[in-house]
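Comments concern the structure below.
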Amino acid sequence: MLLHHYRFTPDTTLIDIDALKARLDRDASPIGAIREVLAEIRRRLDERFKNGADIRDLVFGRAWCIDQLLALLWSRLDWCDDGIALIAVGGYGRGELHPHSDIDLMILLEGDDDTPYRESLTAFITMLWDIGLDIGHSVRSLTDCEREARDDVTVITNLLETRRVAGFEPLLAQMRQRLDQLDTWNSEAFFQAKLAEQKARHKRFNNSEHHLEPNIKSSPGGLRDIQTVTWIAKRHFGTNIIEVLMQRGFMTDADMRIASQSRAFLWQVRYALHMISERAEDRLLFDHQRTIATLFGYQDTPERLGVEEFMRRYYRVVTALVELNDMLIQNFEENTLQHDQQPEVVPLNNRFELDGRYLRIRGPHVFKRRPSALIEMFVLLAQHPDIEGVRAATIRAIRDHRHLIDNGFRADLRNRSLFLELLRGGGMVARELGRMARYGILGKYLPRFGHIIGLMQHDLFHIYTVDAHTLRVLDVIQRFRTREGREEYPLCAALIARVPKLELLWIAGLYHDIAKGRGGDHSRLGARDVQGFCSRHGVPRRDTHLVSWLIEHHLLMSTTAQKRDISDPEVIREFAAIVHDEVHLDYLYLLTVADINATNPTLWNSWRAALLRQLHGETRRVLRRGLENPLDRQEWIEETREEARALTQCMGGECQAVDALWETLGDDYFLQYSASEIVWHTQGILQAGVEVMPLILISAPTEDMTDGGTKVFIHTRSVNNLFAATAAAIDQLGLSIHDARIATSSNDWTLNTFILLDGDGQAIRDPARLREIQAHLIEELDDPDDYPRIVKRHTSRQLKHFRVPTRVLIEQDEANQRTVLELIAADRPGLLAHVGQIFMSFDIALSGAKIATLGERVEDVFFITDTRGAPLTDSALQKALSERLRQVLDAEAGIATPG
């Protein structure tokens with residue numbers, strides 16, 4: 001596709017071809033001279049790029065320079081006759097070359113016999129390799145081209161983009177004539193093949209343009225999407241000349257402007273990638289994002305990083321290209337391939353009708369005459385889930401009229417009522433809010449949403465832009481209401497069926513992160529934003545308070561479950577006091593589960609699900625008992641003991657032996673563990689006896705269990721380095737610890753329980769693997785003084801890119817007489833083992849741990865005391881411990897610790 005209103009003018013300052021010819025006539029070999037010329041061309045182009053030259057001049061200029069060199073080298077060889085030509089194909093055929101792009105060449109022969117040309121061909125190709133060009137080449141006759149193109153859509157696609165560089169000029173015209181006559185790839189067959197290719201390519205990227213490290217060529221919205229449209233147009237119309245395509249109705253001036261501007265930006269990024277990486281790199285890796293952002297002049301501000309602003313522009317560009325690609329392909333299919341088909345037309349109202357299974361406006365001036373139809377159409381789409389989509393002409397009309405959504409439009413009661421009707425409709429609300437965003441309506445109607453479009457956070461935790469994450473939250477909420485959702489999220493499915501007003505959950509989902517990127521606490525700012533939305537849309541005051549509360553506290557449940565000891569009655573009581581009632585609890589649970597699932601697919605695992613279910617269940621129990629009548633610690637302990645005793649009696653337990661064991665365990669043990677866990681421990685210990693040391697019990701959750709991870713119970717003599725040794729041994733197995741509960745009996749036996757997940761965040765259920773884990777732990781822990789080796793596993797490229805300085809926060813848990821240490825650090829293999837070693841060196845006892853990995857960092861919480869069981873209150877000790885953790889962990893992560 002030619003760029004909008006642009007014609008490349010050859011730049012003779014890049015290469016002096018006459019001077020080069022003179023030098024080649026003098027030199028015995030052309031290799032040295034050509035290498036110097038190539039290096040000088042690259043240097044000049046790179047310098048111009050850094051100085052802000054038009055990217056089109058650089059990309060076309062490089063291809064033009066290569067044309068001159070290849071033609072010169074071709075002319076110096078004896079080709080015998082006029083039956084051969086040098087043809088540029090692929091990107092080079094389009095006249096486009098980035099610094100390290102492959103130079104795709106085809107040697108085209110008139111006849112099938114290449115014998116007369118073999119000597120010259122060998123010399124020519126060898127010369128190109130010797131001078132350092134990245135070439136891809138083929139030798140084909142006219143008959144070869146016709147045969148191979150007939151069988152392979154990739155071949156005919158490449159042959160659509162050809163230019164003669166040197167040799168016999170009529171050959172290229174002859175080849176094109178033969179291709180035009182191929183009936184195998186008529187317009188419809190070619191279109192369907194390219195569309196299938198695009199769908200398969202998009203699927204490899206999860207059909208999303210919002211990736212942390214996108215491929216600017218192949219990801220949705222990348223350069224390949226523009227090329228796909230170009231190929232389809234060229235095959236059907238026989239041209240990609242702008243004026244012809246516009247005359248045929250394939251593209252409008254606005255379409256061409258979007259394509260031209262977007263491609264120019266992507267070309268700039270691609271040029272920078274090639275220049276920085278010194279290779280043909282199309283992946284916008286973390287390694288390069290900051291460098292390119294700086295190169296393009298983006299600077300850090302107190303609100304956000306320069307790299308985030310650069311990536312925000314990238315995401316906005318590719319989003320526009322995805323929309324354009326979808327619309328052009330649909331327009332081509334409707335108006336070119338299906339122009340003679342007449343589907344049934346069913347009026348829906350005065351403004352819209354169904355054309356087959358697609359919605360369309362009933363005249364070109366609908367949106368101009370009644371701008372509120374820009375909202376009304378999505379209400380209709382939500383109410384009719386069987387409608388497959390929107391006709392291309394209507395999509396184009398939306399784009400041409402969305403500027404009508406201004407302050408007056410937003411203040412119009414009709415439009416506010418329509419938007420609220422969409423949220424209350426109960427149909428495909430999430431799908432239509434997503435479609436509103438895709439067509440640029442949602443960001444216009446809700447300016448706050450418009451501000452987060454393309455906004456990214458430069459880390460490995462938030463893998464989507466804020467707007468994409470928000471829409472995914474809505475999709476997950478919608479999934480709760482489906483048959484698949486009832487199987488995958490049974491509690492959510494039950495709760496969403498009973499929440500009083502579903503529209504409040506949609507509003508909370510839309511606004512929970514809407515204040516990201518503005519500085520300050522986004523939860524509090526978002527809560528204020530949603531109050532304004534509710535006021536404008538006539539949401540009752542009570543409902544407004546609920547939605548505002550949800551947004552302000554949307555991180556509360558996940559933080560409590562993952563960072564606090566939810567076996568502690570006081571923690572549950574505090575959480576219940578904030579939640580206040582079951583309605584708030586149910587809404588918060590639904591929003592929390594959706595938020596976690598939509599943030600990063602690796603975050604939602606069986607263990608997090610189990611934590612949230614436990615917190616929801618315990619809080620509901622407290623709320624039903626009444627906040628004014630809380631269950632105190634002693635009652636909690638007695639209830640657990642009674643339930644456990646009943647279970648042991650039912651299972652034939654010997655009461656005297658059970659009582660003797662339980663007397664050594666202490667009250668905290670009955671707070672930490674459920675009755676079923678206590679029975680499991682008790683039976684294992686009594687059956688094994690004291691001669692079995694260490695006793696390792698492993699429980700893999702079955703499908704109907706809610707533990708959420710593989711549970712490992714260790715019973716052995718208490719020694720200082722047991723936690724560090726256990727962490728190192730588990731790390732050797734390639735497993736991760738997500739929860740640790742450490743208890744010591746009065747006779748100095750440990751009762752330690754670890755929740756383990758595999759590298760994919762899943763529980764381990766395979767019996768052979770469980771036996772392997774058990775045998776390994778027994779071998780490594782039979783003598784903890786023989787400390788297991790801390791593994792030195794490979795750290796991923798992405799983790800190496802991020803530098804997360806270690807932070808240590810220490811506070812006191814007065815109710816439980818212990819110290820809470822929160823550790824935020826770079827995620828690295830062996831981290832827990834190092835922490836355990838440091839605790840051991842400070843004579844610190846560990847009573848529990850909450851382990852959370854969030855992208856490139858960990859946020860772990862440790863419950864610690866001194867060896868006498870007292871909290872760490874000595875400020876000098878706290879300071880020394882903090883400094884030691886920072887020094888060791890920063891050194892392991894390759895981070896310099898400030899002196």
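In the structure tokens, each chain is lettered A, B, ... as it comes, each chain's residues begin at 1, and ligands are numbered from 1 in order of appearance.
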- Enumerate as a ChimeraX atom specification all residues of region 372-456 of chain A assigned to alpha helix (DSSP H) by DSSP on the backbone, naming them with the chain letters and numbers the document uses. /A:373-383,392-401,407-411,413-424,429-438,442-445,447-451
Contact residues around region 88-102 of chain A with only C-alpha atoms at 8 Å, ignoring same-chain residues under 6 positions, as a CSV table (one decimal) with C-alpha atoms, in the first residue's frame:
chain,number,residue,atom,x,y,z
A,42,ARG,CA,24.0,2.6,7.3
A,59,VAL,CA,13.1,3.0,4.6
A,60,PHE,CA,12.6,3.7,0.9
A,62,ARG,CA,17.8,2.1,2.0
A,63,ALA,CA,16.0,0.0,-0.6
A,64,TRP,CA,16.9,2.4,-3.3
A,134,ASP,CA,21.3,-10.6,4.5
A,135,ILE,CA,19.8,-12.1,1.4
A,136,GLY,CA,17.2,-14.7,0.7
A,158,ASN,CA,5.3,-13.0,-2.4
A,159,LEU,CA,5.0,-12.7,-6.2
A,161,GLU,CA,5.1,-7.8,-4.5
A,162,THR,CA,7.8,-7.7,-7.1
A,163,ARG,CA,10.0,-5.1,-8.7
A,164,ARG,CA,12.7,-5.5,-11.4
A,165,VAL,CA,16.1,-4.5,-10.1
A,270,ARG,CA,11.1,-1.2,13.9
A,271,TYR,CA,14.0,0.9,12.6
A,274,HIS,CA,17.0,-3.1,14.3
A,275,MET,CA,19.5,-0.3,15.0
A,278,GLU,CA,21.9,-4.9,15.5
A,279,ARG,CA,19.8,-7.6,14.0
A,280,ALA,CA,16.4,-8.2,12.4
- Item | Given only C-alpha atoms as the counted atoms, nearest of A:Leu686, A:Ala264, A:Tyr673, A:Gln837 to Asp659 (chain A) |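 For Asp659 (chain A), the nearest of the candidates is A:Leu686.
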- Query: Leaving out Glu388 (chain A) and any residue of its chain fewer than 5 positions from it, which residues lie within 12 Å of it when counting only C-alpha atoms, given as a list in words?
  - Reply: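 Contacts, with the query itself left out: Leu354, Asp355, Gly356, Arg357, Tyr358, Leu359, Arg360, Leu381, Ala382, Met428, Arg431, Glu432 and Arg435 of chain A.
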Store the residues picked out above in a file with all heavy atoms, as a CSV table (one decimal), in the first residue's frame.
chain,number,residue,atom,x,y,z
A,354,LEU,N,-31.7,-5.3,11.0
A,354,LEU,CA,-30.9,-6.4,10.9
A,354,LEU,C,-30.7,-6.8,9.4
A,354,LEU,O,-31.7,-7.0,8.7
A,354,LEU,CB,-31.5,-7.6,11.7
A,354,LEU,CG,-31.3,-7.7,13.2
A,354,LEU,CD1,-31.9,-9.0,13.7
A,354,LEU,CD2,-29.8,-7.7,13.5
A,355,ASP,N,-29.5,-6.8,9.0
A,355,ASP,CA,-29.1,-7.2,7.6
A,355,ASP,C,-28.5,-8.6,7.8
A,355,ASP,O,-27.3,-8.8,8.0
A,355,ASP,CB,-28.1,-6.3,7.0
A,355,ASP,CG,-27.8,-6.6,5.6
A,355,ASP,OD1,-28.4,-7.5,5.0
A,355,ASP,OD2,-26.8,-6.0,5.1
A,356,GLY,N,-29.4,-9.7,7.6
A,356,GLY,CA,-28.9,-11.0,8.0
A,356,GLY,C,-28.7,-11.1,9.5
A,356,GLY,O,-29.7,-10.8,10.3
A,357,ARG,N,-27.5,-11.4,10.0
A,357,ARG,CA,-27.3,-11.5,11.4
A,357,ARG,C,-26.4,-10.3,11.8
A,357,ARG,O,-25.7,-10.4,12.9
A,357,ARG,CB,-26.6,-12.8,11.8
A,357,ARG,CG,-27.5,-14.0,11.4
A,357,ARG,CD,-26.8,-15.3,11.8
A,357,ARG,NE,-26.6,-15.5,13.2
A,357,ARG,CZ,-27.5,-16.0,14.0
A,357,ARG,NH1,-28.7,-16.3,13.5
A,357,ARG,NH2,-27.3,-16.1,15.3
A,358,TYR,N,-26.4,-9.2,11.1
A,358,TYR,CA,-25.6,-8.0,11.4
A,358,TYR,C,-26.5,-6.8,11.5
A,358,TYR,O,-27.4,-6.6,10.8
A,358,TYR,CB,-24.5,-7.8,10.3
A,358,TYR,CG,-23.4,-8.8,10.3
A,358,TYR,CD1,-23.6,-10.1,9.7
A,358,TYR,CD2,-22.2,-8.5,11.0
A,358,TYR,CE1,-22.6,-11.0,9.8
A,358,TYR,CE2,-21.2,-9.5,11.0
A,358,TYR,CZ,-21.4,-10.7,10.4
A,358,TYR,OH,-20.4,-11.6,10.5
A,359,LEU,N,-26.1,-5.9,12.5
A,359,LEU,CA,-26.8,-4.7,12.7
A,359,LEU,C,-26.3,-3.6,11.7
A,359,LEU,O,-25.1,-3.5,11.5
A,359,LEU,CB,-26.6,-4.2,14.1
A,359,LEU,CG,-27.4,-3.0,14.6
A,359,LEU,CD1,-28.8,-3.4,14.8
A,359,LEU,CD2,-26.8,-2.4,15.9
A,360,ARG,N,-27.2,-2.8,11.2
A,360,ARG,CA,-26.7,-1.6,10.4
A,360,ARG,C,-27.7,-0.5,10.6
A,360,ARG,O,-28.9,-0.7,11.0
A,360,ARG,CB,-26.6,-2.0,8.9
A,360,ARG,CG,-27.9,-2.2,8.2
A,360,ARG,CD,-27.7,-2.5,6.8
A,360,ARG,NE,-29.0,-2.6,6.0
A,360,ARG,CZ,-29.1,-3.1,4.8
A,360,ARG,NH1,-28.0,-3.5,4.1
A,360,ARG,NH2,-30.2,-3.1,4.1
A,381,LEU,N,-27.7,-4.3,20.7
A,381,LEU,CA,-26.8,-5.5,20.6
A,381,LEU,C,-26.8,-6.3,21.8
A,381,LEU,O,-26.8,-7.5,21.7
A,381,LEU,CB,-25.4,-5.0,20.2
A,381,LEU,CG,-25.2,-4.4,18.8
A,381,LEU,CD1,-23.9,-3.6,18.7
A,381,LEU,CD2,-25.2,-5.6,17.8
A,382,ALA,N,-26.8,-5.7,23.0
A,382,ALA,CA,-26.8,-6.4,24.2
A,382,ALA,C,-28.1,-7.2,24.4
A,382,ALA,O,-28.1,-8.3,25.0
A,382,ALA,CB,-26.6,-5.5,25.4
A,428,MET,N,-25.8,-9.3,27.1
A,428,MET,CA,-24.3,-9.4,26.9
A,428,MET,C,-23.7,-8.0,27.1
A,428,MET,O,-23.1,-7.4,26.3
A,428,MET,CB,-24.1,-9.9,25.4
A,428,MET,CG,-24.7,-11.2,25.1
A,428,MET,SD,-24.0,-12.5,26.0
A,428,MET,CE,-22.4,-12.7,25.2
A,431,ARG,N,-19.8,-7.9,26.6
A,431,ARG,CA,-19.4,-7.9,25.2
A,431,ARG,C,-19.6,-6.5,24.5
A,431,ARG,O,-18.8,-6.1,23.7
A,431,ARG,CB,-20.3,-9.0,24.4
A,431,ARG,CG,-19.9,-9.1,23.0
A,431,ARG,CD,-20.9,-10.1,22.3
A,431,ARG,NE,-22.2,-9.4,22.1
A,431,ARG,CZ,-23.2,-10.0,21.4
A,431,ARG,NH1,-23.0,-11.2,20.9
A,431,ARG,NH2,-24.3,-9.4,21.3
A,432,GLU,N,-20.7,-5.9,24.9
A,432,GLU,CA,-21.0,-4.6,24.2
A,432,GLU,C,-20.2,-3.5,24.8
A,432,GLU,O,-19.9,-2.5,24.1
A,432,GLU,CB,-22.5,-4.3,24.3
A,432,GLU,CG,-23.4,-5.3,23.6
A,432,GLU,CD,-22.8,-5.7,22.2
A,432,GLU,OE1,-22.4,-4.8,21.5
A,432,GLU,OE2,-22.8,-6.9,21.9
A,435,ARG,N,-17.2,-3.8,22.9
A,435,ARG,CA,-17.4,-3.3,21.5
A,435,ARG,C,-17.4,-1.8,21.5
A,435,ARG,O,-16.9,-1.1,20.6
A,435,ARG,CB,-18.7,-3.9,20.9
A,435,ARG,CG,-18.6,-3.9,19.4
A,435,ARG,CD,-20.0,-4.2,18.8
A,435,ARG,NE,-20.6,-5.4,19.3
A,435,ARG,CZ,-20.6,-6.6,18.7
A,435,ARG,NH1,-20.0,-6.8,17.5
A,435,ARG,NH2,-21.3,-7.6,19.2
Nearby residues (only C-alpha atoms) at most 12 Å from Ser29 (chain A), same-chain spacing under 2 positions excluded, as a short mmCIF file (atom, residue, chain, number, x, y, z; two decimals) with C-alpha atoms, in the first residue's frame:
data_model
loop_
_atom_site.label_atom_id
_atom_site.label_comp_id
_atom_site.auth_asym_id
_atom_site.auth_seq_id
_atom_site.Cartn_x
_atom_site.Cartn_y
_atom_site.Cartn_z
CA ARG A 23 36.75 2.56 -7.86
CA LEU A 24 35.45 -0.87 -8.90
CA ASP A 25 37.18 -0.40 -12.25
CA ARG A 26 40.47 0.19 -10.38
CA ASP A 27 40.19 -2.49 -7.67
CA ILE A 31 34.17 -6.61 -1.94
CA GLY A 32 36.12 -4.07 0.10
CA ALA A 33 34.66 -1.07 -1.71
CA ILE A 34 31.07 -2.32 -1.45
CA ARG A 35 31.45 -3.11 2.25
CA LEU A 73 27.12 -5.70 -9.47
CA ARG A 76 29.58 -6.45 -14.16
CA MET A 127 29.56 -11.82 -4.01
CA ASP A 130 30.86 -11.80 0.81
CA ILE A 131 29.87 -8.15 1.03
#
Near-region 142-151 of chain A list (7 Å; only C-alpha atoms; drop same-chain fewer than 5 positions) as a CSV table (one decimal) with C-alpha atoms, in the first residue's frame:
chain,number,residue,atom,x,y,z
A,108,LEU,CA,13.7,-15.0,-12.9
A,109,LEU,CA,14.4,-17.1,-16.0
A,110,GLU,CA,12.5,-17.1,-19.2
A,111,GLY,CA,13.1,-20.8,-19.8
A,156,ILE,CA,1.6,-16.1,-5.0
A,175,MET,CA,5.2,-13.4,-15.0
A,178,ARG,CA,0.6,-15.6,-16.0
A,179,LEU,CA,-0.3,-15.0,-12.4
A,182,LEU,CA,-4.5,-18.3,-12.4
A,184,THR,CA,-6.8,-21.3,-8.4
How close does region 613-684 of chain A get to region 751-760 of chain A? List, as a tab-separated table, each residue of region 613-684 of chain A within 10 Å, its nearest atom pair and the distance in Å to one decimal, counting only C-alpha atoms.
residue	atom	partner	partner_atom	distance
A:Leu665	CA	A:Leu751	CA	8.7
A:Tyr669	CA	A:Leu751	CA	8.7
A:Tyr673	CA	A:Thr753	CA	9.5
A:Glu677	CA	A:Thr753	CA	9.9
A:His681	CA	A:Leu751	CA	8.3
Write out the residues from the selection above, keeping N, CA and C atoms, as a CSV table (one decimal), in the first residue's frame.
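Saved file selection-v2.csv follows:
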chain,number,residue,atom,x,y,z
A,665,LEU,N,1.0,-29.6,72.0
A,665,LEU,CA,1.0,-28.8,70.8
A,665,LEU,C,0.7,-27.3,71.1
A,669,TYR,N,-1.5,-23.9,67.8
A,669,TYR,CA,-1.7,-25.0,66.8
A,669,TYR,C,-3.1,-25.2,66.3
A,673,TYR,N,-4.7,-24.6,62.3
A,673,TYR,CA,-5.1,-25.8,61.4
A,673,TYR,C,-6.6,-26.1,61.6
A,677,GLU,N,-7.2,-31.3,59.2
A,677,GLU,CA,-5.8,-31.3,59.1
A,677,GLU,C,-5.2,-31.8,60.4
A,681,HIS,N,-2.6,-35.0,60.8
A,681,HIS,CA,-1.4,-35.0,61.5
A,681,HIS,C,-1.3,-36.0,62.6
- Item | Close residues, Leu422 (chain A) itself excluded, 12 Å, only C-alpha atoms, min 2 positions apart in chain, as a PyMOL selection string | chain A and resi 375-384+415-420+424-433+436+502-503+506-507
- Mind giving me the straight-line distance from CA of Pro385 (chain A) to CA of Ala200 (chain A) in Å, one decimal?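 Going from CA of Pro385 (chain A) over to CA of Ala200 (chain A), I get 25.5 Å.
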- Distance criterion (only C-alpha atoms): nearest to Phe265 (chain A) out of A:Tyr464, A:Asp739, A:Glu197, A:Val318: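 Smallest distance to Phe265 (chain A) is found for A:Val318.
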- Query: Separation of CA of Gln562 (chain A) and CA of Ile773 (chain A), in Å?
  - Reply: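 Value for the CA of Gln562 (chain A)-CA of Ile773 (chain A) distance: 25.2 Å.
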- Query: At what distance in Å, to one decimal, does CA of Thr559 (chain A) lie from CA of Ala527 (chain A)?
  - Reply: 18.3 Å
- Pick from A:Ile103, A:Ala725, A:Val269, A:Ala320: nearest to Leu70 (chain A), with only C-alpha atoms counted? A:Ile103
- So, counting only C-alpha atoms, which residue among A:Asp766, A:Ser567, A:Phe310, A:Ala609 is closest to Gly848 (chain A)?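 Of A:Asp766, A:Ser567, A:Phe310, A:Ala609, the one nearest Gly848 (chain A), counting only C-alpha atoms, is A:Ser567.
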- Step one, run DSSP on the backbone; step two, keep only residues of region 647-734 of chain A assigned to strand (DSSP E or B); then write them as a ChimeraX atom specification. /A:695-699,710-717
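If you measure from each of A:Arg399, A:Gln656, A:Asn325, A:Ala123 to Ala254 (chain A) using only C-alpha atoms, the closest one turns out to be A:Arg399.
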Please, which residues in region 500-525 of chain A fall within 12 Å of region 533-543 of chain A when counting only C-alpha atoms, and what is the closest atom pair and distance in Å to one decimal for each, ordered by chain then residue number, as JSON lines?
{"residue": "A:Pro500", "atom": "CA", "partner": "A:Asp543", "partner_atom": "CA", "distance": 10.1}
{"residue": "A:Lys501", "atom": "CA", "partner": "A:Asp543", "partner_atom": "CA", "distance": 8.8}
{"residue": "A:Leu502", "atom": "CA", "partner": "A:Asp543", "partner_atom": "CA", "distance": 11.1}
{"residue": "A:Glu503", "atom": "CA", "partner": "A:Asp543", "partner_atom": "CA", "distance": 10.0}
{"residue": "A:Leu504", "atom": "CA", "partner": "A:Asp543", "partner_atom": "CA", "distance": 7.3}
{"residue": "A:Leu505", "atom": "CA", "partner": "A:Asp543", "partner_atom": "CA", "distance": 10.6}
{"residue": "A:Ile507", "atom": "CA", "partner": "A:Cys534", "partner_atom": "CA", "distance": 8.9}
{"residue": "A:Ala508", "atom": "CA", "partner": "A:Cys534", "partner_atom": "CA", "distance": 10.8}
{"residue": "A:Leu510", "atom": "CA", "partner": "A:Phe533", "partner_atom": "CA", "distance": 10.9}
{"residue": "A:Tyr511", "atom": "CA", "partner": "A:Phe533", "partner_atom": "CA", "distance": 9.4}
{"residue": "A:Ile514", "atom": "CA", "partner": "A:Phe533", "partner_atom": "CA", "distance": 11.9}
- Task: Within 9 Å of region 516-523 of chain A, counting only C-alpha atoms, which residues show up once you throw out same-chain ones fewer than 4 positions away? Write them as a VMD selection string, please.
- Result: chain A and resid 302 to 304 451 to 452 455 to 457 466 512 527 to 528 551 to 555
How would the residues just chosen look if you wrote them out with C-alpha atoms as a short mmCIF file (atom, residue, chain, number, x, y, z; two decimals), in the first residue's frame?
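Once written, out_20.cif looks like this:
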data_model
loop_
_atom_site.label_atom_id
_atom_site.label_comp_id
_atom_site.auth_asym_id
_atom_site.auth_seq_id
_atom_site.Cartn_x
_atom_site.Cartn_y
_atom_site.Cartn_z
CA PRO A 302 6.15 11.97 38.86
CA GLU A 303 2.98 10.35 37.49
CA ARG A 304 4.44 7.76 35.13
CA HIS A 451 -7.45 8.51 29.75
CA ILE A 452 -6.49 4.90 30.55
CA LEU A 455 -1.88 2.95 29.62
CA MET A 456 0.56 0.27 30.75
CA GLN A 457 2.50 -0.42 33.92
CA VAL A 466 -5.29 -0.69 32.06
CA HIS A 512 -11.98 0.05 39.82
CA ALA A 527 -14.10 5.98 44.39
CA ARG A 528 -14.59 9.72 43.94
CA ILE A 551 -13.73 0.59 44.36
CA GLU A 552 -12.00 2.07 47.39
CA HIS A 553 -11.56 -1.42 48.88
CA HIS A 554 -11.19 -3.51 45.73
CA LEU A 555 -7.71 -4.67 46.82
#
- Query: Which residue out of A:Leu821, A:Ala196, A:Leu697, A:Leu846 has the minimum interatomic distance to Ala775 (chain A) when only C-alpha atoms are used?
  - Reply: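 Under the stated criterion, the closest residue is A:Leu697.
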